[in-house]
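Listing of query_33.cif; format and content: mmCIF, C-alpha atoms.
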```cif
data_start
loop_
_atom_site.group_PDB
_atom_site.id
_atom_site.type_symbol
_atom_site.label_atom_id
_atom_site.label_comp_id
_atom_site.auth_asym_id
_atom_site.auth_seq_id
_atom_site.Cartn_x
_atom_site.Cartn_y
_atom_site.Cartn_z
ATOM 1 C CA MET A 1 48.807 -0.740 5.714
ATOM 2 C CA ALA A 2 47.416 -3.264 3.250
ATOM 3 C CA GLU A 3 45.013 -4.472 5.917
ATOM 4 C CA THR A 4 43.672 -0.939 6.359
ATOM 5 C CA GLU A 5 43.132 -0.584 2.610
ATOM 6 C CA LEU A 6 41.330 -3.910 2.536
ATOM 7 C CA LEU A 7 39.075 -2.864 5.401
ATOM 8 C CA LYS A 8 38.301 0.432 3.631
ATOM 9 C CA ALA A 9 37.424 -1.447 0.440
ATOM 10 C CA ILE A 10 35.155 -3.832 2.365
ATOM 11 C CA TYR A 11 33.527 -0.892 4.147
ATOM 12 C CA GLU A 12 32.849 0.891 0.847
ATOM 13 C CA GLU A 13 31.370 -2.279 -0.652
ATOM 14 C CA LEU A 14 29.137 -2.704 2.402
ATOM 15 C CA LYS A 15 27.898 0.871 1.999
ATOM 16 C CA VAL A 16 26.940 0.103 -1.607
ATOM 17 C CA ILE A 17 25.175 -3.102 -0.561
ATOM 18 C CA LYS A 18 23.332 -1.273 2.214
ATOM 19 C CA GLU A 19 22.078 1.351 -0.262
ATOM 20 C CA GLU A 20 20.936 -1.353 -2.696
ATOM 21 C CA LEU A 21 19.062 -3.092 0.126
ATOM 22 C CA ARG A 22 17.395 0.190 1.038
ATOM 23 C CA LYS A 23 16.248 0.622 -2.570
ATOM 24 C CA LEU A 24 14.947 -2.951 -2.699
ATOM 25 C CA ASN A 25 13.064 -2.473 0.565
ATOM 26 C CA SER A 26 11.429 0.645 -0.849
ATOM 27 C CA LYS A 27 10.358 -1.269 -3.950
ATOM 28 C CA ILE A 28 8.976 -4.093 -1.811
ATOM 29 C CA GLU A 29 6.963 -1.613 0.267
ATOM 30 C CA ILE A 30 5.513 -0.093 -2.903
ATOM 31 C CA LEU A 31 4.571 -3.526 -4.229
ATOM 32 C CA GLU A 32 3.015 -4.572 -0.931
ATOM 33 C CA ALA A 33 1.026 -1.352 -0.734
ATOM 34 C CA GLY A 34 -0.264 -1.971 -4.237
ATOM 35 C CA LEU A 35 -1.607 -5.413 -3.457
ATOM 36 C CA ILE A 36 -5.318 -5.314 -2.863
ATOM 37 C CA GLN A 37 -6.759 -7.936 -0.614
ATOM 38 C CA GLU A 38 -9.916 -9.372 -2.080
ATOM 39 C CA GLU A 39 -12.650 -10.374 0.280
ATOM 40 C CA GLU A 40 -15.363 -12.822 -0.607
ATOM 41 C CA ILE A 41 -18.884 -11.829 0.321
ATOM 42 C CA SER A 42 -22.006 -13.892 0.556
ATOM 43 C CA GLU A 43 -24.826 -13.711 -1.966
ATOM 44 C CA ASP A 44 -27.008 -11.922 0.626
ATOM 45 C CA GLU A 45 -24.296 -9.315 1.223
ATOM 46 C CA ALA A 46 -23.940 -8.804 -2.530
ATOM 47 C CA GLU A 47 -27.703 -8.297 -2.863
ATOM 48 C CA ASN A 48 -27.712 -5.803 0.015
ATOM 49 C CA LEU A 49 -24.835 -3.886 -1.588
ATOM 50 C CA ASP A 50 -26.691 -3.855 -4.914
ATOM 51 C CA LYS A 51 -29.813 -2.472 -3.221
ATOM 52 C CA LEU A 52 -27.790 0.149 -1.394
ATOM 53 C CA SER A 53 -26.005 1.237 -4.572
ATOM 54 C CA GLU A 54 -29.339 1.402 -6.416
ATOM 55 C CA GLU A 55 -30.824 3.559 -3.654
ATOM 56 C CA THR A 56 -27.757 5.776 -3.679
ATOM 57 C CA ARG A 57 -27.978 6.239 -7.456
ATOM 58 C CA LYS A 58 -31.666 7.178 -7.179
ATOM 59 C CA CYS A 59 -31.490 9.429 -4.129
ATOM 60 C CA GLY A 60 -27.867 10.460 -4.037
ATOM 61 C CA ILE A 61 -25.881 11.392 -0.960
ATOM 62 C CA PRO A 62 -25.095 15.012 -0.131
ATOM 63 C CA TRP A 63 -21.370 15.658 -0.477
ATOM 64 C CA GLU A 64 -21.034 17.049 3.052
ATOM 65 C CA LYS A 65 -22.700 13.964 4.558
ATOM 66 C CA LEU A 66 -20.463 11.659 2.529
ATOM 67 C CA LYS A 67 -17.328 13.534 3.617
ATOM 68 C CA THR A 68 -18.437 13.228 7.239
ATOM 69 C CA GLU A 69 -19.134 9.507 6.917
ATOM 70 C CA LEU A 70 -15.753 8.940 5.275
ATOM 71 C CA GLY A 71 -14.006 11.059 7.870
ATOM 72 C CA LEU A 72 -12.695 13.583 5.350
#
```
Target encoding C-alpha cells, full file:
Amino acid sequence: MAETELLKAIYEELKVIKEELRKLNSKIEILEAGLIQEEEISEDEAENLDKLSEETRKCGIPWEKLKTELGL
C-alpha cells in the first residue's frame, strides 16, 4: 500500500512539473517571437530605401494598392 501512495505522490509531482514546463515553454515562445532579427544592408540599399521613402512621402500610395501589395 505504501508503494501505491508513493507512486501517486510521484505522479502528482510529475503533473506539477509538466505544467511548469508548459508555462516555461509558453514564455520562451513569447520571448523568441519578440526577438527581431536585424539585417545589415549596404550603403547603396540604404540610399535606394531613402529615395523610395522620399518618393512615397511626396506622392503617397493609395490605401487599396498598399493593402494589395501587403496581401491584406
Between atom CA of Leu70 of chain A and atom CA of Glu29 of chain A, what is the spacing in Å?
25.5 Å
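Picture a line from atom CA of Val16 of chain A to atom CA of Gly34 of chain A; it runs 27.4 Å.
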Pairwise distance, atom CA of Ala46 of chain A with atom CA of Leu31 of chain A, equals 29.0 Å
At the level of C-alpha atoms, write segment 32-56 of chain A to a file as an mmCIF file, in the first residue's frame, please.
```cif
data_model
loop_
_atom_site.group_PDB
_atom_site.id
_atom_site.type_symbol
_atom_site.label_atom_id
_atom_site.label_comp_id
_atom_site.auth_asym_id
_atom_site.auth_seq_id
_atom_site.Cartn_x
_atom_site.Cartn_y
_atom_site.Cartn_z
ATOM 1 C CA GLU A 32 11.505 34.208 -29.209
ATOM 2 C CA ALA A 33 8.643 35.816 -31.104
ATOM 3 C CA GLY A 34 9.629 39.179 -29.677
ATOM 4 C CA LEU A 35 13.202 38.979 -30.883
ATOM 5 C CA ILE A 36 13.677 40.966 -34.040
ATOM 6 C CA GLN A 37 16.387 39.852 -36.368
ATOM 7 C CA GLU A 38 18.384 42.794 -37.607
ATOM 8 C CA GLU A 39 19.701 42.671 -41.113
ATOM 9 C CA GLU A 40 22.596 44.748 -42.317
ATOM 10 C CA ILE A 41 22.142 46.489 -45.635
ATOM 11 C CA SER A 42 24.670 48.051 -47.922
ATOM 12 C CA GLU A 43 25.068 51.793 -48.354
ATOM 13 C CA ASP A 44 23.534 51.536 -51.856
ATOM 14 C CA GLU A 45 20.497 49.698 -50.474
ATOM 15 C CA ALA A 46 20.115 52.338 -47.763
ATOM 16 C CA GLU A 47 20.240 55.107 -50.378
ATOM 17 C CA ASN A 48 17.646 53.324 -52.521
ATOM 18 C CA LEU A 49 15.367 52.921 -49.493
ATOM 19 C CA ASP A 50 15.796 56.612 -48.663
ATOM 20 C CA LYS A 51 14.857 57.580 -52.228
ATOM 21 C CA LEU A 52 11.859 55.275 -52.176
ATOM 22 C CA SER A 53 10.649 56.639 -48.838
ATOM 23 C CA GLU A 54 11.114 60.207 -50.100
ATOM 24 C CA GLU A 55 9.097 59.422 -53.231
ATOM 25 C CA THR A 56 6.416 57.762 -51.138
#
```
